[in-house]
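Scroll down for the structure; my scribbles are underneath it.
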Amino acid sequence: MSREVFVAGQVLTAAELNVVSDQSVMVFAGTASRGSAIPSPTEGMMSYLEDSDAVQVYTTGWEDVGADPAILQVVSTTKTDTFTTSSTTFTDLTGLSATITPSSTSSKVLVYVTVSGFGTAGTNAIHAKILRGATDIAIGDASGSRTRAGFAFGWAPTGGQVQQAAASSVLDSPATTSSTTYKVQVRANTAGTAYINRSANDADNTVSARTTSTITLMEVAG
């Protein structure tokens, strides 16, 4: 929409009055009153919200003027309890998921995961991967009978155990404005057991530790 220029004495039509509204900073008590007054905003509209003292402009959604447009929202979940599996099939790591609703289909989601895990002797490694819903994201290429995983950790030599934390990240393009859940799956390698947020023997002493795992989602403007 081009900027409208009015001249002295001009009689304004209804359409021209609408242009005036679009080119003005409209004042509202809050987002609820603005939504009632403007159910279908157009790009370039500006408003002032009295409850938050914020000036916002509408592009694909209402955004604060002067705010960093790169990171639009952050969602995070921290798992503090333990998890154990002896399955060699990828299994949901319960309690380690997060849900985000992108504000635009052009937005990307930066997924950052840290997992603390331990393997028993005979387990070469714990394999893990990140999923969007039921879809794998950022896993290795297929190669023979090798496992396609996002990352591996918790390798334990025979006769011992190693306490490790692993981190993985991926910039995903979900192309949706619907609620989207990201999660982590893990599997035990060979005949061992995968332990999350605890040691293998979990002895009740100061040598053993209980730890945390985290998944963080950041919506990045497209």
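Every chain in the structure tokens has a letter given in the order shown (A, B, ...), and although residue numbers restart at 1 in each chain, ligands are simply numbered from 1 in the order shown.
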Neighbour list for Arg148 (chain A) as a compact mmCIF listing (two decimals) with C-alpha atoms, in the first residue's frame, cut-off 9 Å, only C-alpha atoms, skip fewer than 6 positions in-chain:
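Result written to result-v1.txt:
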# COMPACT_ATOMS: atom_id res chain seq x y z
CA HIS A 127 22.74 -43.80 20.17
CA LYS A 129 18.47 -38.68 17.68
CA ILE A 139 20.62 -38.14 11.23
CA GLY A 140 23.60 -39.68 9.48
CA ASP A 141 23.45 -41.06 5.95
CA ALA A 142 22.54 -44.70 5.35
Please identify all polymer residues within 7 Å of region 208-221 of chain A, counting only C-alpha atoms, omitting same-chain residues fewer than 3 positions from it, and present them as a VMD selection string.
chain A and resid 69 to 80 96 to 98 102 107 to 116 197 to 199 202 to 205
Convert the current residue selection to file output with C-alpha atoms, as a CSV table (one decimal), in the first residue's frame.
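See out-v8.csv below for the written result:
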chain,number,residue,atom,x,y,z
A,69,PRO,CA,13.6,-9.9,15.2
A,70,ALA,CA,15.9,-12.9,15.0
A,71,ILE,CA,14.7,-14.9,18.0
A,72,LEU,CA,10.9,-14.7,18.3
A,73,GLN,CA,10.3,-17.1,21.2
A,74,VAL,CA,12.1,-19.7,23.3
A,75,VAL,CA,10.7,-22.9,24.9
A,76,SER,CA,12.7,-25.3,27.1
A,77,THR,CA,12.2,-28.5,29.1
A,78,THR,CA,14.7,-29.9,31.6
A,79,LYS,CA,14.5,-33.5,32.6
A,80,THR,CA,15.7,-34.2,36.2
A,96,LEU,CA,12.6,-34.8,27.2
A,97,SER,CA,10.4,-33.1,24.7
A,98,ALA,CA,9.2,-29.5,24.0
A,102,PRO,CA,5.8,-21.0,15.2
A,107,SER,CA,10.3,-19.4,10.7
A,108,LYS,CA,13.0,-21.9,11.5
A,109,VAL,CA,13.3,-23.7,14.8
A,110,LEU,CA,16.8,-24.1,16.4
A,111,VAL,CA,16.7,-27.2,18.5
A,112,TYR,CA,19.4,-27.6,21.1
A,113,VAL,CA,19.7,-30.8,23.2
A,114,THR,CA,22.0,-31.8,26.0
A,115,VAL,CA,21.7,-35.4,27.3
A,116,SER,CA,23.6,-36.9,30.2
A,197,ASN,CA,20.7,-38.8,34.3
A,198,ARG,CA,22.4,-41.5,36.5
A,199,SER,CA,25.4,-43.8,36.6
A,202,ASP,CA,23.7,-45.8,40.8
A,203,ALA,CA,25.4,-46.4,44.1
A,204,ASP,CA,24.2,-44.3,47.0
A,205,ASN,CA,27.4,-42.4,47.6
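Taking CA of Ala188 (chain A) and CA of Asp81 (chain A) as the two end points, the separation is 18.5 Å.
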Quick check for you: according to DSSP on this backbone, which residues of region 21-190 of chain A are classed as strand (DSSP E or B)? Reply as a PyMOL selection string.
chain A and resi 25-28+46-49+54-58+62-64+71-79+83-85+91-100+108-119+126-132+135-137+151-153+163-172+180-188
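Coordinates place CA of Val27 (chain A) at a distance of 7.2 Å from CA of Glu50 (chain A).
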